[in-house]
Amino acid sequence: MFRRSRRGNLRQKTDNMFKRRENEPDYALLNDPVSRERNRYGRPIETVPEGDPRRKQPFIINGEEQQPLNPNRYKQHGFYFNADNCIACHACEAACSEKNDVPPHLAFRSVGFVEGGTYPDYRRINISMACNHCDNPVCLKGCPTRAYTKFAEYGAVLQDPDICFGCGYCTWVCPYNAPQLDPVKGQVSKCNMCVDRLEVGLKPACVAACLGKALDFGVIENVPEGRVQAETEIPGFPRTDITHPNIRFQQMKSIQREMVRVDSMPLKYHRAEDEKRYRPQLDPKEGYRRQWNWKKLLGSHENAHIAFTLSAQTVMGAFALLVLGSWLDVEPVMAFRQSAAWLPTLGGLLALMAFGLFKLNMHLGKPHRFYRGFYNLRLSPVSREIAGVSLFFAGLAGFAFFNLFDGGWAVVLQNLFAGLGLAGMIFGGYYMYRLYRIPARPFWDHWHTGASFLGTGLALGGLLLAVIGLGSGSLPLEGARLLASVAALGLLLEGLGLVAHALAMRGAESEGAASWYLQTTTYGWPWRLRNGLLLAALVLAEWLAFHGGSPWLFGLLAAMALVSAVLGRALFYVVVIPTTMPGAFFWRNRGFVEHAREVGLAEMPQLGVAHERHHPFRLDELWETVRTTSAREKWDQLRRIFTG
């Protein structure tokens with residue numbers, strides 16, 4: 001397994017460079033005597049021009065500099081897949097896993113299929129897929145730790161698991177599910193193009209192992225001998241405009257106009273009469289019966305994101321109202337600032353923000369490496385979000401601290417930190433939204449995501465201040481009505497975004513339609529409950545904005561808005577369907593993975609399913625360690641809990 005070192009070298013897990021056997025068969029040898037100048041996307045196939053100083057940089061694998069023996073070292077390579085020949089024997093998977101020592105619950109290469117028709121006119125296409133080493137690798141741009149590198153050598157996109165801290169954002173943005181987040185180790189790894197084999201003139205292990213010559217490999221755009229097609233798409237393969245993947249297909253056998261997936265994804269692929277491309281469409285496999293499914297909804301792996309986004313947006317909204325209200329001399333805010341509730345409110349906002357950051361950090365596979373999130377500020381929206389939110393937290397902390405003092409110097413410092421907080425809020429809040437505008441996840445890639453985030457900040461932030469102010473008797477009725485108006489604006493904004501999103505998703509020719517289907521069926525009753533609470537909260541907020549009301553009415557409104565926000569955010573994460581490759585009945589089937597974890601089949605490693613075990617901080621495990629072990633054992637186990 002290759003790893004990209006911080007010094008620019010490649011390190012291999014084995015002790016020596018890959019050795020080529022004397023009797024290697026011809027089908028395992030690279031053979032590209034000529035190549036084109038540009039690929040079909042207009043990019044040069046030569047990764048580094050002749051005479052470029054980068055060609056003189058040493059190419060080191062496992063501490064050993066490799067001489068430029070391969071004449072095509074600085075050309076973009078890629079895979080070629082002939083779907084007509086694939087028999088789904090999974091030899092490519094086995095060869096890849098054996099060479100790279102991949103655990104049974106992961107696979108850098110996997111085989112799935114789509115099928116169409118009925119007996120006796122049944123058609124099936126098998127698809128073998130790994131990393132496509134794209135021209136525009138979104139995994140590289142998205143990774144906050146800079147664990148990815150697009151190498152000039154062979155155009156390989158390589159990733160170093162040692163640098164990765166397990167946020168999993170690369171698995172979100174990749175349209176092909178190539179990066180694999182290990183639920184046990186809490187880190188990502190992926191296909192490395194078998195660069196050590198390429199250096200000695202051999203094709204990747206998966207290609208050499210293919211029984212039916214379905215897989216091939218070489219300089220991109222070179223059509224292998226005996227092949228006539230080099231298409232960029234095949235039924236079941238996600239859109240190519242996101243990353244420009246370096247894979248080409250041949251599929252000559254006639255198939256049905258409608259091909260369906262056999263995994264649990266409610267998707268099928270349909271080709272119109274006047275089109276060549278198969279477009280994804282909804283396939284309502286489970287009917288239209290509404291369900292609750294509370295356990296799945298509230299037991300999501302992304303619960304930490306729910307806690308972080310809701311707490312951060314609430315605090316940001318409340319902070320903006322307090323600071324802007326102070327700067328503009330809004331009378332209710334000034335009265336609240338002079339009350340005894342002012343400092344406890346700032347302390348509460350600081351504690352709530354710290355809670356959200358703590359939950360987000362402990363969600364990482366390696367939370368003790370949190371500082372690596374700042375590494376990729378130039379490209380990654382995650383790094384920029386982390387930087388902006390950290391600046392906001394610092395501004396909030398400084399603003400709260402200097403409110404403990406009186407005097408002109410304290411006011412100056414208060415305003416300075418307030419400005420820093422607002423700048424961090426704008427920057428971090430914007431990239432909190434931008435990191436979810438992912439083409440590979442169409443359900444999120446809509447402006448309603450921004451409307452939801454902004455609406456949550458206005459609604460929950462305003463209502464938090466209203467409840468505190470009314471409960472402490474430090475907020476006049478006029479101020480409560482003003483905050484109710486702000487909350488009504490936030491709820492209205494979120495409601496309008498949801499309506500527009502529903503109209504867009506119901507008729508979408510993408511995975512977004514399947515996500516909408518899951519939301520209205522598998523989680524149909526929580527979805528309706530969220531919508532009902534949102535509408536009721538909007539009506540009550542408008543009534544309170546015009547007429548005012550008692551503290552318990554504001555408390556009721558806050559509770560309704562909070563429950564609606566939690567349900568909405570849980571749905572946001574649990575129903576999203578990425579643009580992934582089709583799976584099979586068991587392998588790469590999310591439905592089977594959930595079933596195996598529920599009934600205990602995940603304890604059998606041969607099934608390729610594992611429980612998530614990488615979470616490093618659990619209070620029950622911490623208490624059990626303290627209660628039952630000796631001092632030395634306590635130290636060893638505590639170190640394991642906190643460091644993974």
# chains A, B, ... in the order shown; residues from 1 in each chain; ligands from 1

call {"tool": "select_by_dssp", "arguments": {"residues": "region 445-537 of chain A", "states": "alpha helix (DSSP H)", "output": "PyMOL selection string"}}
result
chain A and resi 448-472+477-506+511-520+524-537

call {"tool": "residues_around", "arguments": {"residues": "Arg289 (chain A)", "least_positions_apart": "3", "cutoff": "9 Å", "atoms": "only C-alpha atoms", "output": "list in words"}}
result
Glu286, Thr520, Thr521, Thr522 and Gly524 of chain A

call {"tool": "closest_residue", "arguments": {"among": "A:Tyr176, A:Trp552, A:Tyr433, A:Phe81", "to": "Phe108 (chain A)", "atoms": "only C-alpha atoms"}}
result
A:Tyr176

call {"tool": "closest_atom_pairs", "arguments": {"of": "region 242-281 of chain A", "to": "region 566-589 of chain A", "cutoff": "7 Å", "atoms": "only C-alpha atoms", "output": "CSV"}}
result
residue,atom,partner,partner_atom,distance
A:Arg261,CA,A:Pro582,CA,6.2
A:Val262,CA,A:Ala584,CA,6.0
A:Asp263,CA,A:Asn589,CA,5.1
A:Ser264,CA,A:Asn589,CA,6.2

call {"tool": "closest_residue", "arguments": {"among": "A:Ser110, A:Cys89, A:Asp135, A:Ala340", "to": "Gly42 (chain A)", "atoms": "only C-alpha atoms"}}
result
A:Asp135

call {"tool": "closest_residue", "arguments": {"among": "A:Leu198, A:Pro204, A:Cys210, A:Glu50", "to": "Val111 (chain A)", "atoms": "only C-alpha atoms"}}
result
A:Cys210

call {"tool": "closest_residue", "arguments": {"among": "A:Gln256, A:Gly461, A:Asp32, A:Phe546", "to": "Glu225 (chain A)", "atoms": "only C-alpha atoms"}}
result
A:Asp32

call {"tool": "residues_around", "arguments": {"residues": "Gly471 (chain A)", "least_positions_apart": "5", "cutoff": "10 Å", "atoms": "only C-alpha atoms", "output": "ChimeraX atom specification"}}
result
/A:341,465-466,550-552,554-555

call {"tool": "closest_residue", "arguments": {"among": "A:Leu607, A:Cys92, A:Val188, A:Ile163", "to": "Arg369 (chain A)", "atoms": "only C-alpha atoms"}}
result
A:Ile163
